[in-house]
Structures are given as structure tokens and as C-alpha cells.
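Engineer: Compact mmCIF, N, CA and C atoms, file data.txt:
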```
# COMPACT_ATOMS: atom_id res chain seq x y z
N MET A 1 70.08 115.02 84.46
CA MET A 1 71.24 114.17 84.58
C MET A 1 71.04 112.97 83.66
N PRO A 2 72.07 112.65 82.88
CA PRO A 2 71.92 111.52 81.95
C PRO A 2 71.95 110.19 82.70
N LYS A 3 71.19 109.24 82.18
CA LYS A 3 71.17 107.91 82.78
C LYS A 3 72.42 107.15 82.35
N THR A 4 72.92 106.32 83.25
CA THR A 4 74.11 105.53 82.97
C THR A 4 73.73 104.06 82.92
N ASN A 5 74.01 103.45 81.83
CA ASN A 5 73.80 102.01 81.70
C ASN A 5 75.06 101.28 82.13
N PRO A 6 74.90 100.06 82.66
CA PRO A 6 76.10 99.29 83.03
C PRO A 6 77.03 99.05 81.84
N GLU A 7 76.46 99.01 80.65
CA GLU A 7 77.30 98.79 79.47
C GLU A 7 78.13 100.02 79.13
N SER A 8 77.72 101.19 79.59
CA SER A 8 78.45 102.41 79.25
C SER A 8 79.61 102.70 80.20
N VAL A 9 79.71 101.98 81.31
CA VAL A 9 80.83 102.16 82.24
C VAL A 9 82.02 101.39 81.70
N PRO A 10 83.16 102.08 81.51
CA PRO A 10 84.34 101.38 80.97
C PRO A 10 84.88 100.33 81.93
N LEU A 11 85.46 99.31 81.36
CA LEU A 11 85.99 98.20 82.15
C LEU A 11 87.09 98.66 83.10
N TRP A 12 87.93 99.60 82.66
CA TRP A 12 89.01 100.07 83.52
C TRP A 12 88.47 100.76 84.78
N ALA A 13 87.31 101.41 84.67
CA ALA A 13 86.71 102.06 85.84
C ALA A 13 86.21 101.03 86.84
N VAL A 14 85.62 99.96 86.35
CA VAL A 14 85.14 98.89 87.22
C VAL A 14 86.32 98.22 87.93
N VAL A 15 87.39 97.98 87.21
CA VAL A 15 88.59 97.36 87.80
C VAL A 15 89.21 98.29 88.83
N LEU A 16 89.28 99.59 88.52
CA LEU A 16 89.85 100.56 89.46
C LEU A 16 89.03 100.63 90.75
N ILE A 17 87.73 100.68 90.62
CA ILE A 17 86.86 100.73 91.81
C ILE A 17 87.00 99.45 92.63
N ALA A 18 87.05 98.31 91.97
CA ALA A 18 87.22 97.04 92.69
C ALA A 18 88.55 97.01 93.43
N CYS A 19 89.61 97.50 92.80
CA CYS A 19 90.93 97.53 93.46
C CYS A 19 90.92 98.46 94.67
N ILE A 20 90.31 99.62 94.54
CA ILE A 20 90.24 100.57 95.66
C ILE A 20 89.49 99.94 96.84
N LEU A 21 88.36 99.31 96.57
CA LEU A 21 87.58 98.70 97.64
C LEU A 21 88.32 97.53 98.29
N LEU A 22 89.02 96.72 97.49
CA LEU A 22 89.77 95.60 98.07
C LEU A 22 90.94 96.08 98.92
N ILE A 23 91.64 97.10 98.45
CA ILE A 23 92.77 97.63 99.22
C ILE A 23 92.28 98.23 100.53
N GLN A 24 91.18 98.98 100.47
CA GLN A 24 90.62 99.56 101.69
C GLN A 24 90.19 98.46 102.66
N SER A 25 89.53 97.44 102.14
CA SER A 25 89.07 96.35 102.98
C SER A 25 90.24 95.61 103.63
N LEU A 26 91.28 95.34 102.87
CA LEU A 26 92.46 94.67 103.42
C LEU A 26 93.14 95.52 104.48
N PHE A 27 93.26 96.82 104.24
CA PHE A 27 93.87 97.70 105.23
C PHE A 27 93.07 97.68 106.53
N LEU A 28 91.74 97.84 106.41
CA LEU A 28 90.91 97.84 107.61
C LEU A 28 90.99 96.50 108.34
N PHE A 29 90.98 95.41 107.60
CA PHE A 29 91.05 94.08 108.21
C PHE A 29 92.37 93.89 108.96
N ILE A 30 93.48 94.21 108.31
CA ILE A 30 94.80 93.99 108.92
C ILE A 30 95.02 94.91 110.11
N HIS A 31 94.69 96.19 109.95
CA HIS A 31 94.91 97.14 111.04
C HIS A 31 93.99 96.83 112.23
N SER A 32 92.75 96.53 111.96
CA SER A 32 91.83 96.26 113.06
C SER A 32 92.11 94.90 113.71
N ARG A 33 92.73 94.00 113.00
CA ARG A 33 93.08 92.70 113.59
C ARG A 33 94.10 92.89 114.71
N ARG A 34 94.97 93.88 114.56
CA ARG A 34 95.96 94.16 115.59
C ARG A 34 95.40 94.98 116.75
N HIS A 35 94.32 95.74 116.49
CA HIS A 35 93.87 96.70 117.50
C HIS A 35 92.47 96.45 118.05
N THR A 36 91.62 95.73 117.37
CA THR A 36 90.26 95.49 117.86
C THR A 36 89.91 94.02 117.72
N LYS A 37 88.75 93.65 118.26
CA LYS A 37 88.33 92.26 118.12
C LYS A 37 87.29 92.08 117.02
N TYR A 38 86.87 93.14 116.37
CA TYR A 38 85.85 93.07 115.32
C TYR A 38 86.47 93.22 113.93
N TYR A 39 87.56 92.54 113.69
CA TYR A 39 88.28 92.74 112.43
C TYR A 39 87.52 92.23 111.22
N TRP A 40 86.73 91.16 111.35
CA TRP A 40 85.96 90.66 110.21
C TRP A 40 84.90 91.67 109.78
N ILE A 41 84.27 92.29 110.76
CA ILE A 41 83.25 93.29 110.43
C ILE A 41 83.86 94.46 109.69
N TRP A 42 85.01 94.95 110.16
CA TRP A 42 85.65 96.08 109.48
C TRP A 42 86.07 95.69 108.06
N GLY A 43 86.54 94.47 107.87
CA GLY A 43 86.93 94.02 106.54
C GLY A 43 85.75 93.95 105.58
N ILE A 44 84.62 93.46 106.06
CA ILE A 44 83.43 93.37 105.21
C ILE A 44 82.85 94.75 104.93
N VAL A 45 82.79 95.59 105.95
CA VAL A 45 82.26 96.95 105.76
C VAL A 45 83.15 97.73 104.79
N GLY A 46 84.44 97.44 104.78
CA GLY A 46 85.35 98.12 103.85
C GLY A 46 85.07 97.81 102.40
N LEU A 47 84.35 96.73 102.12
CA LEU A 47 84.01 96.37 100.74
C LEU A 47 82.78 97.11 100.22
N ILE A 48 82.05 97.77 101.10
CA ILE A 48 80.78 98.37 100.72
C ILE A 48 80.96 99.65 99.93
N GLN A 49 81.71 100.59 100.46
CA GLN A 49 81.88 101.88 99.80
C GLN A 49 83.23 102.48 100.16
N PHE A 50 83.57 103.56 99.50
CA PHE A 50 84.82 104.27 99.76
C PHE A 50 84.50 105.74 99.91
N PRO A 51 85.03 106.47 100.78
CA PRO A 51 85.91 106.25 101.92
C PRO A 51 85.20 106.21 103.25
N GLY A 52 83.88 106.05 103.27
CA GLY A 52 83.10 106.08 104.50
C GLY A 52 83.61 105.16 105.61
N PRO A 53 83.81 103.87 105.35
CA PRO A 53 84.31 102.98 106.41
C PRO A 53 85.70 103.36 106.90
N LEU A 54 86.52 103.88 106.02
CA LEU A 54 87.86 104.30 106.42
C LEU A 54 87.80 105.48 107.37
N VAL A 55 86.95 106.44 107.08
CA VAL A 55 86.77 107.61 107.95
C VAL A 55 86.17 107.18 109.28
N ALA A 56 85.18 106.30 109.26
CA ALA A 56 84.56 105.82 110.49
C ALA A 56 85.57 105.08 111.36
N TYR A 57 86.39 104.23 110.76
CA TYR A 57 87.41 103.49 111.52
C TYR A 57 88.40 104.46 112.13
N TRP A 58 88.81 105.46 111.36
CA TRP A 58 89.77 106.44 111.86
C TRP A 58 89.19 107.18 113.07
N LEU A 59 87.94 107.58 112.98
CA LEU A 59 87.31 108.28 114.10
C LEU A 59 87.18 107.40 115.33
N VAL A 60 86.68 106.19 115.15
CA VAL A 60 86.36 105.33 116.28
C VAL A 60 87.59 104.73 116.94
N HIS A 61 88.57 104.30 116.17
CA HIS A 61 89.68 103.54 116.74
C HIS A 61 91.02 104.26 116.76
N ILE A 62 91.11 105.41 116.12
CA ILE A 62 92.39 106.12 116.12
C ILE A 62 92.25 107.50 116.76
N TYR A 63 91.32 108.31 116.28
CA TYR A 63 91.21 109.69 116.74
C TYR A 63 90.66 109.79 118.16
N TRP A 64 89.50 109.18 118.43
CA TRP A 64 88.88 109.32 119.75
C TRP A 64 89.72 108.76 120.88
N PRO A 65 90.35 107.59 120.76
CA PRO A 65 91.22 107.12 121.85
C PRO A 65 92.41 108.04 122.10
N LEU A 66 93.00 108.58 121.03
CA LEU A 66 94.12 109.51 121.22
C LEU A 66 93.66 110.79 121.88
N ARG A 67 92.49 111.28 121.47
CA ARG A 67 91.94 112.50 122.06
C ARG A 67 91.63 112.28 123.54
N LYS A 68 91.04 111.13 123.86
CA LYS A 68 90.71 110.81 125.24
C LYS A 68 91.98 110.73 126.09
N GLU A 69 93.03 110.14 125.53
CA GLU A 69 94.29 110.02 126.26
C GLU A 69 94.93 111.39 126.49
N ARG A 70 94.87 112.26 125.45
CA ARG A 70 95.43 113.61 125.61
C ARG A 70 94.68 114.39 126.69
N LEU A 71 93.36 114.29 126.71
CA LEU A 71 92.58 115.00 127.72
C LEU A 71 92.88 114.45 129.12
N LYS A 72 93.05 113.14 129.22
CA LYS A 72 93.37 112.52 130.50
C LYS A 72 94.74 112.99 130.99
N ASN A 73 95.72 113.04 130.09
CA ASN A 73 97.06 113.50 130.47
C ASN A 73 97.05 114.97 130.85
N ARG A 74 96.27 115.76 130.14
CA ARG A 74 96.18 117.19 130.44
C ARG A 74 95.56 117.41 131.81
N LYS A 75 94.50 116.67 132.14
CA LYS A 75 93.88 116.79 133.45
C LYS A 75 94.83 116.32 134.54
N HIS A 76 95.56 115.25 134.27
CA HIS A 76 96.51 114.72 135.24
C HIS A 76 97.63 115.73 135.51
N GLN A 77 98.14 116.37 134.47
CA GLN A 77 99.19 117.36 134.63
C GLN A 77 98.70 118.58 135.36
N ASN A 78 97.51 119.05 135.06
CA ASN A 78 96.95 120.22 135.75
C ASN A 78 96.65 119.91 137.20
N GLY A 79 96.21 118.72 137.51
CA GLY A 79 95.90 118.33 138.88
C GLY A 79 97.14 118.18 139.74
N SER A 80 98.24 117.71 139.16
CA SER A 80 99.47 117.49 139.94
C SER A 80 100.24 118.78 140.18
N ASN A 81 100.05 119.79 139.33
CA ASN A 81 100.77 121.05 139.48
C ASN A 81 100.16 121.94 140.55
N GLU A 82 98.91 121.71 140.91
CA GLU A 82 98.24 122.59 141.87
C GLU A 82 98.45 122.12 143.28
```
Take the structure I supplied and represent it as C-alpha cells, if you would.
Structural biologist:
Amino acid sequence: MPKTNPESVPLWAVVLIACILLIQSLFLFIHSRRHTKYYWIWGIVGLIQFPGPLVAYWLVHIYWPLRKERLKNRKHQNGSNE
């Protein structure tokens, strides 16, 4: 694998990566500010890499609570029908 020097990375790539990380960080900060109390942490973690923090936030604060609610409703419906 060839070595990459910082001078060989084009400026447009650095700007693109910076924009992606800032947009991700802002999204995580704004969304988590409405839904969790750790919004600063999510905003800072969003600056580290892409898309790891976005996937982690989706799993922890969007997918698992919805899944838990669906299972609870399913158990409630099955229990009331019997």
C-alpha cells in the first residue's frame, strides 16, 4: 500500500471531510438536545469520525426504544386477548 503524505491529499478532500463531520456533529447535537440530556457529548463524538457516531446514536436512541415499545405493545395485546 502506498504511503500518503499530508501534502498529497487535495484541499477539496480535506474541506469535504470537514463539512461531513461538522454536519454530522450538528445533526447529532440538535437531535439529541431534543431527546437526551447528553447532547454535548453526542456533538463532540460526532466530530471524531463518520459514520460510527451516527450509527451508534441511531441504535441507542432511536432503534432500541422503538423496538422496546413494539415488544411491550405486542405483549400487552397478547395478554389482553387471552
Engineer: Work out how far apart atom C of Leu22 (chain A) and CA of Leu47 (chain A) are and give it in Å to one decimal.
Structural biologist: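 Between these atoms lies a distance of 7.2 Å.
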Engineer: Which one of A:Lys3, A:Leu71, A:Phe50, A:Val60 sits closest to Ala18 (chain A) if you count only C-alpha atoms?
Structural biologist: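 Comparing A:Lys3, A:Leu71, A:Phe50, A:Val60 against Ala18 (chain A), the winner is A:Phe50.
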Engineer: As a ChimeraX atom specification, list the residues of chain A assigned to helix (DSSP H, G or I) by DSSP on the backbone atoms of this structure.
Structural biologist: /A:6-8,11-35,39-45,52-81
Engineer: One decimal, Å: what's the distance from atom C of Leu21 (chain A) over to atom C of Pro53 (chain A), could you say?
Structural biologist: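 Computing it gives 10.7 Å between the two atoms.
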Engineer: Determine, counting only C-alpha atoms, which protein, DNA and RNA residues have an atom within 8 Å of an atom of Trp42 (chain A); residues of the same chain fewer than 2 positions away are not included. Present the result as a tab-separated table (two decimals) with N, CA and C atoms, keeping the file's coordinate frame.
Structural biologist:
```
chain	number	residue	atom	x	y	z
A	25	SER	N	89.53	97.44	102.14
A	25	SER	CA	89.07	96.35	102.98
A	25	SER	C	90.24	95.61	103.63
A	28	LEU	N	91.74	97.84	106.41
A	28	LEU	CA	90.91	97.84	107.61
A	28	LEU	C	90.99	96.50	108.34
A	29	PHE	N	90.98	95.41	107.60
A	29	PHE	CA	91.05	94.08	108.21
A	29	PHE	C	92.37	93.89	108.96
A	32	SER	N	92.75	96.53	111.96
A	32	SER	CA	91.83	96.26	113.06
A	32	SER	C	92.11	94.90	113.71
A	38	TYR	N	86.87	93.14	116.37
A	38	TYR	CA	85.85	93.07	115.32
A	38	TYR	C	86.47	93.22	113.93
A	39	TYR	N	87.56	92.54	113.69
A	39	TYR	CA	88.28	92.74	112.43
A	39	TYR	C	87.52	92.23	111.22
A	40	TRP	N	86.73	91.16	111.35
A	40	TRP	CA	85.96	90.66	110.21
A	40	TRP	C	84.90	91.67	109.78
A	44	ILE	N	84.62	93.46	106.06
A	44	ILE	CA	83.43	93.37	105.21
A	44	ILE	C	82.85	94.75	104.93
A	45	VAL	N	82.79	95.59	105.95
A	45	VAL	CA	82.26	96.95	105.76
A	45	VAL	C	83.15	97.73	104.79
A	46	GLY	N	84.44	97.44	104.78
A	46	GLY	CA	85.35	98.12	103.85
A	46	GLY	C	85.07	97.81	102.40
A	53	PRO	N	83.81	103.87	105.35
A	53	PRO	CA	84.31	102.98	106.41
A	53	PRO	C	85.70	103.36	106.90
A	57	TYR	N	86.39	104.23	110.76
A	57	TYR	CA	87.41	103.49	111.52
A	57	TYR	C	88.40	104.46	112.13
```
Engineer: Find, counting only C-alpha atoms, the residue in A:Ala13, A:Ile20, A:Ile62, A:Val55 that gets nearest to Thr36 (chain A).
Structural biologist: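 Under the stated criterion, the closest residue is A:Ile62.
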Engineer: Between A:Arg70, A:Leu59, A:Gln24, A:Pro65, which one has atoms that come closest to Gly43 (chain A), using all atoms listed in the file?
Structural biologist: A:Gln24
